[in-house]
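Containing mmCIF, C-alpha atoms and all ligand atoms: protein.cif.
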data_upload
loop_
_atom_site.label_atom_id
_atom_site.label_comp_id
_atom_site.auth_asym_id
_atom_site.auth_seq_id
_atom_site.Cartn_x
_atom_site.Cartn_y
_atom_site.Cartn_z
CA MET A 14 1.43 -10.87 -11.33
CA ARG A 15 -0.15 -11.97 -8.06
CA ARG A 16 2.55 -12.23 -5.42
CA PRO A 17 2.74 -12.40 -1.62
CA LEU A 18 3.70 -8.79 -1.05
CA VAL A 19 4.11 -7.40 2.46
CA MET A 20 4.41 -3.63 2.54
CA ALA A 21 5.38 -1.48 5.50
CA ASN A 22 3.82 1.97 5.77
CA TRP A 23 5.86 3.76 8.40
CA LYS A 24 3.62 6.85 8.12
CA MET A 25 5.08 9.90 9.93
CA HIS A 26 7.28 7.87 12.26
CA GLY A 27 10.99 7.41 12.69
CA SER A 28 14.33 9.01 13.42
CA ARG A 29 17.63 8.20 11.73
CA ALA A 30 18.43 5.87 14.63
CA SER A 31 15.11 4.02 14.62
CA VAL A 32 15.15 3.74 10.83
CA ASP A 33 18.64 2.19 10.98
CA GLN A 34 17.38 -0.36 13.51
CA LEU A 35 14.43 -1.29 11.32
CA ILE A 36 16.70 -1.64 8.27
CA ASP A 37 19.02 -3.95 10.25
CA GLY A 38 16.03 -6.17 11.05
CA LEU A 39 14.87 -6.27 7.44
CA VAL A 40 18.21 -7.05 5.80
CA ALA A 41 18.74 -9.85 8.33
CA LEU A 42 15.70 -11.69 6.96
CA GLU A 43 16.40 -14.61 4.70
CA SER A 44 16.84 -13.74 1.06
CA ALA A 45 13.65 -15.35 -0.26
CA SER A 46 11.49 -13.42 2.22
CA ARG A 47 13.14 -10.11 1.43
CA GLN A 48 11.98 -10.28 -2.19
CA ASN A 49 8.37 -9.94 -0.97
CA VAL A 50 8.96 -6.85 1.17
CA VAL A 51 8.47 -3.18 0.32
CA VAL A 52 9.11 -0.38 2.80
CA CYS A 53 7.48 3.05 2.58
CA PRO A 54 9.25 5.47 4.92
CA SER A 55 8.65 9.18 5.21
CA TYR A 56 10.17 11.15 2.30
CA VAL A 57 13.09 12.34 4.41
CA HIS A 58 14.18 8.80 5.25
CA ILE A 59 13.91 7.38 1.74
CA PRO A 60 17.61 7.85 0.78
CA ARG A 61 18.68 6.21 4.04
CA VAL A 62 16.41 3.23 3.48
CA ILE A 63 17.51 2.85 -0.14
CA ALA A 64 21.16 2.88 0.90
CA GLY A 65 20.55 0.48 3.80
CA CYS A 66 18.53 -1.97 1.72
CA ALA A 67 20.79 -1.88 -1.36
CA ASP A 68 21.16 -5.31 -3.02
CA SER A 69 18.82 -6.90 -0.45
CA GLY A 70 15.84 -7.34 -2.78
CA ILE A 71 13.71 -5.15 -0.50
CA GLY A 72 11.69 -2.59 -2.43
CA VAL A 73 11.31 1.02 -1.35
CA GLY A 74 8.35 3.29 -1.89
CA ALA A 75 6.99 6.69 -0.95
CA GLN A 76 3.72 7.26 0.88
CA ASP A 77 2.46 9.77 -1.66
CA CYS A 78 3.61 11.83 -4.64
CA SER A 79 2.53 14.97 -6.41
CA HIS A 80 0.20 14.85 -9.38
CA MET A 81 2.33 17.57 -10.99
CA HIS A 82 5.65 17.54 -12.74
CA ALA A 83 8.58 19.62 -11.49
CA GLY A 84 7.77 23.30 -11.08
CA ALA A 85 6.94 26.04 -8.60
CA TYR A 86 4.90 23.83 -6.22
CA THR A 87 6.22 24.44 -2.73
CA GLY A 88 6.29 21.38 -0.52
CA GLU A 89 5.43 18.90 -3.26
CA VAL A 90 7.50 15.89 -4.33
CA ALA A 91 7.27 14.80 -7.97
CA ALA A 92 7.09 11.15 -9.01
CA ASP A 93 10.20 11.67 -11.17
CA MET A 94 12.16 12.76 -8.11
CA LEU A 95 11.24 9.53 -6.34
CA VAL A 96 12.40 7.49 -9.33
CA ASP A 97 15.61 9.51 -9.41
CA LEU A 98 16.24 8.54 -5.76
CA GLY A 99 15.75 4.87 -6.56
CA CYS A 100 12.17 4.35 -5.35
CA GLN A 101 10.14 1.74 -7.19
CA TRP A 102 6.79 2.12 -5.44
CA VAL A 103 4.31 4.71 -4.25
CA LEU A 104 1.20 4.50 -2.06
CA LEU A 105 -1.67 6.58 -3.41
CA GLY A 106 -5.05 7.52 -2.00
CA HIS A 107 -4.33 6.35 1.53
CA SER A 108 -7.31 7.10 3.74
CA GLU A 109 -5.17 9.41 5.89
CA ARG A 110 -4.44 11.48 2.75
CA ARG A 111 -8.12 11.47 1.86
CA GLN A 112 -9.11 12.41 5.42
CA TYR A 113 -6.49 14.98 6.45
CA HIS A 114 -5.60 16.41 3.03
CA ALA A 115 -8.99 16.22 1.37
CA GLU A 116 -7.72 14.05 -1.49
CA SER A 117 -10.53 13.36 -3.93
CA ASP A 118 -10.82 10.44 -6.34
CA ASP A 119 -9.92 12.86 -9.15
CA LEU A 120 -6.72 13.93 -7.42
CA VAL A 121 -5.82 10.30 -6.69
CA ALA A 122 -6.41 9.53 -10.39
CA ALA A 123 -4.07 12.36 -11.42
CA LYS A 124 -1.40 11.13 -9.00
CA LEU A 125 -1.76 7.63 -10.36
CA ALA A 126 -1.24 8.87 -13.91
CA ALA A 127 1.85 10.85 -12.83
CA ALA A 128 3.26 7.81 -11.00
CA GLN A 129 2.70 5.53 -13.99
CA GLU A 130 4.28 8.03 -16.34
CA ALA A 131 7.35 8.28 -14.13
CA GLY A 132 7.66 4.50 -13.91
CA LEU A 133 6.66 4.04 -10.27
CA GLN A 134 4.51 1.08 -9.31
CA PRO A 135 1.41 2.52 -7.66
CA VAL A 136 -0.47 0.93 -4.79
CA LEU A 137 -3.98 2.33 -4.81
CA CYS A 138 -5.51 2.40 -1.32
CA ILE A 139 -9.28 2.18 -0.97
CA GLY A 140 -11.69 1.43 1.83
CA GLU A 141 -14.88 2.48 3.54
CA THR A 142 -15.44 4.21 6.88
CA ARG A 143 -17.28 2.64 9.77
CA GLU A 144 -20.42 4.70 9.07
CA GLN A 145 -20.39 3.67 5.43
CA ARG A 146 -20.12 -0.01 6.38
CA GLU A 147 -22.88 0.30 8.98
CA GLN A 148 -25.12 1.89 6.37
CA GLY A 149 -24.48 -0.96 3.96
CA GLU A 150 -22.45 1.23 1.59
CA ALA A 151 -19.08 -0.50 1.80
CA PHE A 152 -19.22 -2.06 -1.65
CA THR A 153 -20.59 1.08 -3.33
CA VAL A 154 -17.86 3.23 -1.79
CA VAL A 155 -15.08 0.86 -2.81
CA ALA A 156 -16.46 0.60 -6.35
CA ARG A 157 -16.63 4.40 -6.60
CA GLN A 158 -13.05 4.80 -5.36
CA LEU A 159 -11.84 2.18 -7.84
CA ARG A 160 -13.64 3.71 -10.79
CA GLY A 161 -12.68 7.25 -9.78
CA ALA A 162 -8.99 6.40 -9.76
CA LEU A 163 -8.76 3.85 -12.56
CA ALA A 164 -11.40 4.54 -15.18
CA ASP A 165 -9.47 6.97 -17.39
CA GLN A 166 -5.92 5.72 -16.96
CA ALA A 167 -3.74 5.23 -20.00
CA SER A 168 -1.96 2.36 -18.28
CA LEU A 169 -2.61 0.22 -15.24
CA ALA A 170 0.43 -2.01 -15.69
CA GLY A 171 1.74 -3.39 -12.43
CA LEU A 172 -1.03 -1.81 -10.36
CA VAL A 173 -1.49 -3.14 -6.82
CA ILE A 174 -4.64 -2.47 -4.80
CA ALA A 175 -4.71 -2.22 -1.01
CA TYR A 176 -8.08 -2.63 0.65
CA GLU A 177 -7.88 -0.80 3.95
CA PRO A 178 -11.19 -0.37 5.75
CA VAL A 179 -10.82 2.94 7.57
CA TRP A 180 -12.41 1.54 10.74
CA ALA A 181 -9.63 -1.06 10.98
CA ILE A 182 -6.67 1.32 10.60
CA GLY A 183 -4.78 1.82 13.83
CA THR A 184 -7.78 0.77 15.86
CA GLY A 185 -6.88 -2.83 16.66
CA LEU A 186 -10.16 -3.81 14.98
CA THR A 187 -9.31 -6.05 12.03
CA ALA A 188 -11.81 -7.06 9.41
CA THR A 189 -12.45 -10.77 9.92
CA PRO A 190 -10.73 -12.92 7.31
CA GLU A 191 -14.18 -13.59 5.85
CA GLU A 192 -15.09 -9.87 5.65
CA ALA A 193 -11.76 -9.07 4.02
CA GLN A 194 -12.07 -12.00 1.60
CA GLU A 195 -15.59 -10.94 0.60
CA MET A 196 -14.40 -7.46 -0.30
CA HIS A 197 -11.26 -8.69 -2.06
CA ARG A 198 -13.36 -11.03 -4.21
CA TYR A 199 -15.62 -8.11 -5.06
CA ILE A 200 -12.65 -5.87 -5.96
CA ARG A 201 -11.17 -8.55 -8.20
CA GLY A 202 -14.49 -8.76 -10.03
CA GLN A 203 -14.65 -4.98 -10.44
CA LEU A 204 -11.13 -4.81 -11.86
CA ALA A 205 -12.06 -7.28 -14.55
CA GLU A 206 -15.40 -5.64 -15.24
CA PHE A 207 -14.47 -2.01 -15.86
CA ALA A 208 -10.69 -1.66 -15.81
CA GLY A 209 -9.97 -4.51 -18.21
CA LEU A 210 -7.39 -5.89 -15.80
CA ASP A 211 -6.73 -9.58 -15.59
CA PRO A 212 -7.85 -10.17 -12.01
CA GLU A 213 -5.51 -13.10 -11.67
CA GLN A 214 -2.55 -10.82 -12.43
CA THR A 215 -3.35 -8.12 -9.87
CA SER A 216 -2.10 -8.31 -6.29
CA LEU A 217 -4.64 -7.29 -3.67
CA LEU A 218 -3.34 -6.40 -0.23
CA TYR A 219 -5.31 -6.12 2.97
CA GLY A 220 -4.48 -3.36 5.47
CA GLY A 221 -5.88 -2.44 8.86
CA SER A 222 -4.42 -3.68 12.16
CA VAL A 223 -2.54 -6.55 10.55
CA LYS A 224 -0.40 -8.24 13.22
CA ALA A 225 1.57 -11.44 13.65
CA ALA A 226 -1.46 -12.93 15.42
CA ASN A 227 -3.95 -12.41 12.57
CA ALA A 228 -1.73 -12.41 9.46
CA ALA A 229 -1.83 -16.13 8.70
CA ALA A 230 -5.63 -16.29 8.80
CA LEU A 231 -5.88 -13.30 6.45
CA PHE A 232 -3.27 -14.69 4.03
CA ALA A 233 -5.09 -18.04 3.97
CA GLN A 234 -7.98 -16.37 2.11
CA PRO A 235 -7.92 -17.07 -1.62
CA ASP A 236 -8.14 -13.42 -2.73
CA ILE A 237 -5.75 -11.87 -0.19
CA ASP A 238 -2.26 -11.75 -1.67
CA GLY A 239 -0.48 -9.80 1.04
CA ALA A 240 -0.69 -6.92 3.47
CA LEU A 241 -0.08 -3.21 3.89
CA VAL A 242 1.06 -2.89 7.49
CA GLY A 243 1.18 0.27 9.59
CA GLY A 244 1.86 0.05 13.32
CA ALA A 245 3.16 -3.52 13.36
CA SER A 246 5.77 -2.69 10.70
CA LEU A 247 7.54 -0.46 13.23
CA ASP A 248 8.39 -3.52 15.33
CA SER A 249 11.04 -5.63 13.58
CA GLY A 250 10.11 -8.89 15.30
CA GLU A 251 6.39 -8.50 14.72
CA PHE A 252 6.89 -7.50 11.09
CA ALA A 253 9.22 -10.45 10.46
CA GLN A 254 6.47 -12.80 11.68
CA ILE A 255 3.98 -11.21 9.29
CA ILE A 256 6.44 -11.65 6.41
CA ALA A 257 6.97 -15.28 7.39
CA ALA A 258 3.19 -15.84 7.39
CA ALA A 259 2.97 -14.53 3.82
CA ALA A 260 5.71 -16.73 2.39
O1 LIG A 301 -2.96 2.35 7.30
C1 LIG A 301 -2.40 1.27 7.37
C2 LIG A 301 -1.36 0.89 6.41
O2 LIG A 301 -1.33 1.78 5.33
C3 LIG A 301 -2.73 0.30 8.44
O3 LIG A 301 -2.28 0.80 9.64
P1 LIG A 301 -2.30 -0.14 10.93
O4 LIG A 301 -1.62 -1.43 10.53
O5 LIG A 301 -1.53 0.62 11.97
O6 LIG A 301 -3.72 -0.36 11.28
#
Before anything else, please render the file you have as structure tokens.
Amino acid sequence: MRRPLVMANWKMHGSRASVDQLIDGLVALESASRQNVVVCPSYVHIPRVIAGCADSGIGVGAQDCSHMHAGAYTGEVAADMLVDLGCQWVLLGHSERRQYHAESDDLVAAKLAAAQEAGLQPVLCIGETREQREQGEAFTVVARQLRGALADQASLAGLVIAYEPVWAIGTGLTATPEEAQEMHRYIRGQLAEFAGLDPEQTSLLYGGSVKAANAAALFAQPDIDGALVGGASLDSGEFAQIIAAAA
């Protein structure tokens, strides 16, 4: 179902103290707003966030998961383990995973299948680099990432897509609302065309330098349902304003 989801990706940030402060800010939000919020801390902080957000309506997710089931895979975290902790969500295919850990579309597809099987709600992250956009390849790249991850899935129930142009992540450069809308419209069309998804049931989030100052204009676009927020989600006041803009 399309819903105004605002997700925090804390990336590799946080200490127990700073995580506690962020949780205090989130649980102090009014109840209706909290239902639209999902927080993705680093693995090590997940139990703390789940405990701190208990009964608040705030969802908790991981930033990645393994494509494999439990076994001798040092350093990996299985989707089942995340479910066992109480996670409901997982980000997959984030551009920082693709860039620094060489994650291919095939690997992202395998992770997505593992997440679905375990009962996690996956958020598939896609987006083009600056060079790809400048060369007029943005739509081709996004279509390839979508097909690569989704084409052979047994189930896509509850899937959320986050469009995060790589050139807008952490750079302060946001796609204009019109640029983001154009791509979101295109993605919705692709989902219907090859994945058999009802485009009106799939939430599409925008990510890339979302801030309090630009959130409302992005959310006003007809195909932008919410946001995946990095840097600004580490500032309680700023993040609360983004959540308010989505309501
Ligand atoms: O990568 C992002 C969220 O997953 C976006 O990060 P920023 O909001 O810091 O640009």
*May I ask you to write as number ranges by chain all residues lying at most 10 Å from ligand LIG 301 (chain A), with all atoms listed in the file counted?*
A: 20-24, 53, 76, 104-105, 107-109, 138, 175-187, 219-224, 240-247
_Within 12 Å of Ala260 of chain A using all atoms listed in the file, minus same-chain residues under 6 positions, as number ranges by chain_ = A: 16-19, 43-50, 228-229, 232-233, 238-240, 253-254
For the residues in that selection, give me C-alpha atoms as a PDB file, keeping the file's coordinate frame.
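And here is the file that came out, result.pdb:
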ATOM      1  CA  ARG A  16       2.550 -12.230  -5.420  1.00  0.00           C
ATOM      2  CA  PRO A  17       2.740 -12.400  -1.620  1.00  0.00           C
ATOM      3  CA  LEU A  18       3.700  -8.790  -1.050  1.00  0.00           C
ATOM      4  CA  VAL A  19       4.110  -7.400   2.460  1.00  0.00           C
ATOM      5  CA  GLU A  43      16.400 -14.610   4.700  1.00  0.00           C
ATOM      6  CA  SER A  44      16.840 -13.740   1.060  1.00  0.00           C
ATOM      7  CA  ALA A  45      13.650 -15.350  -0.260  1.00  0.00           C
ATOM      8  CA  SER A  46      11.490 -13.420   2.220  1.00  0.00           C
ATOM      9  CA  ARG A  47      13.140 -10.110   1.430  1.00  0.00           C
ATOM     10  CA  GLN A  48      11.980 -10.280  -2.190  1.00  0.00           C
ATOM     11  CA  ASN A  49       8.370  -9.940  -0.970  1.00  0.00           C
ATOM     12  CA  VAL A  50       8.960  -6.850   1.170  1.00  0.00           C
ATOM     13  CA  ALA A 228      -1.730 -12.410   9.460  1.00  0.00           C
ATOM     14  CA  ALA A 229      -1.830 -16.130   8.700  1.00  0.00           C
ATOM     15  CA  PHE A 232      -3.270 -14.690   4.030  1.00  0.00           C
ATOM     16  CA  ALA A 233      -5.090 -18.040   3.970  1.00  0.00           C
ATOM     17  CA  ASP A 238      -2.260 -11.750  -1.670  1.00  0.00           C
ATOM     18  CA  GLY A 239      -0.480  -9.800   1.040  1.00  0.00           C
ATOM     19  CA  ALA A 240      -0.690  -6.920   3.470  1.00  0.00           C
ATOM     20  CA  ALA A 253       9.220 -10.450  10.460  1.00  0.00           C
ATOM     21  CA  GLN A 254       6.470 -12.800  11.680  1.00  0.00           C
TER      22      GLN A 254
END
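Excluding Gly99 of chain A and any residue on its chain fewer than 2 positions from it, the residues at most 12 Å away by all atoms listed in the file are Ile59, Pro60, Arg61, Val62, Ile63, Ala64, Cys66, Ala67, Ile71, Gly72, Val73, Gly74, Ala75, Ala92, Asp93, Met94, Leu95, Val96, Asp97, Gln101, Trp102, Val103, Ala131, Gly132 and Leu133 of chain A.
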*Quote the spacing between atom CA of Val51 of chain A and atom CA of Cys100 of chain A in Å to one decimal place.*
10.1 Å
*Using only C-alpha atoms, which residue out of A:Val57, A:Ala226, A:Ala30, A:Ala123 lies closest to Ala162 of chain A?*
A:Ala123
*Do you know which residues are at most 10 Å from Gln234 of chain A counting only C-alpha atoms, after dropping those on the same chain fewer than 4 positions away, and could you put them as a PyMOL selection string?*
chain A and resi 190-191+193-195+197-198+229-230+238
*State, in Å with one decimal place, the distance from atom CA of Ser117 of chain A to atom CA of Glu150 of chain A.*
17.9 Å
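Interatomic distance, atom CA of Ala188 of chain A to atom CA of Glu213 of chain A: 22.8 Å.
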_Contacts of Asp119 of chain A at 12 Å (only C-alpha atoms; same-chain gap of 5+ positions) as a VMD selection string_ = chain A and resid 80 105 to 106 111 124 to 126 157 to 166
Selection: 10 Å around Glu89 of chain A, only C-alpha atoms, excl. self and same-chain fewer than 5 positions, as a compact mmCIF listing (two decimals) with C-alpha atoms, in the coordinates of the input:
# COMPACT_ATOMS: atom_id res chain seq x y z
CA ASP A 77 2.46 9.77 -1.66
CA CYS A 78 3.61 11.83 -4.64
CA SER A 79 2.53 14.97 -6.41
CA HIS A 80 0.20 14.85 -9.38
CA MET A 81 2.33 17.57 -10.99
CA HIS A 82 5.65 17.54 -12.74
CA ALA A 83 8.58 19.62 -11.49
CA GLY A 84 7.77 23.30 -11.08
*Around (-16.9, 5.7, -1.1) in the file's frame, which residues reach within 9 Å when counting all atoms listed in the file? Return as an NGL selection string?*
:A and (139-142 or 145 or 150-158)
*Between A:Leu35, A:Leu217, A:Met14, A:Pro235, which has the minimum distance to Val52 of chain A (counting all atoms listed in the file)?*
A:Leu35
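When all atoms listed in the file are used to compute distances to Val32 of chain A, the closest of the residues A:Asn227, A:Ile174, A:Ile255, A:Gly65 turns out to be A:Gly65.
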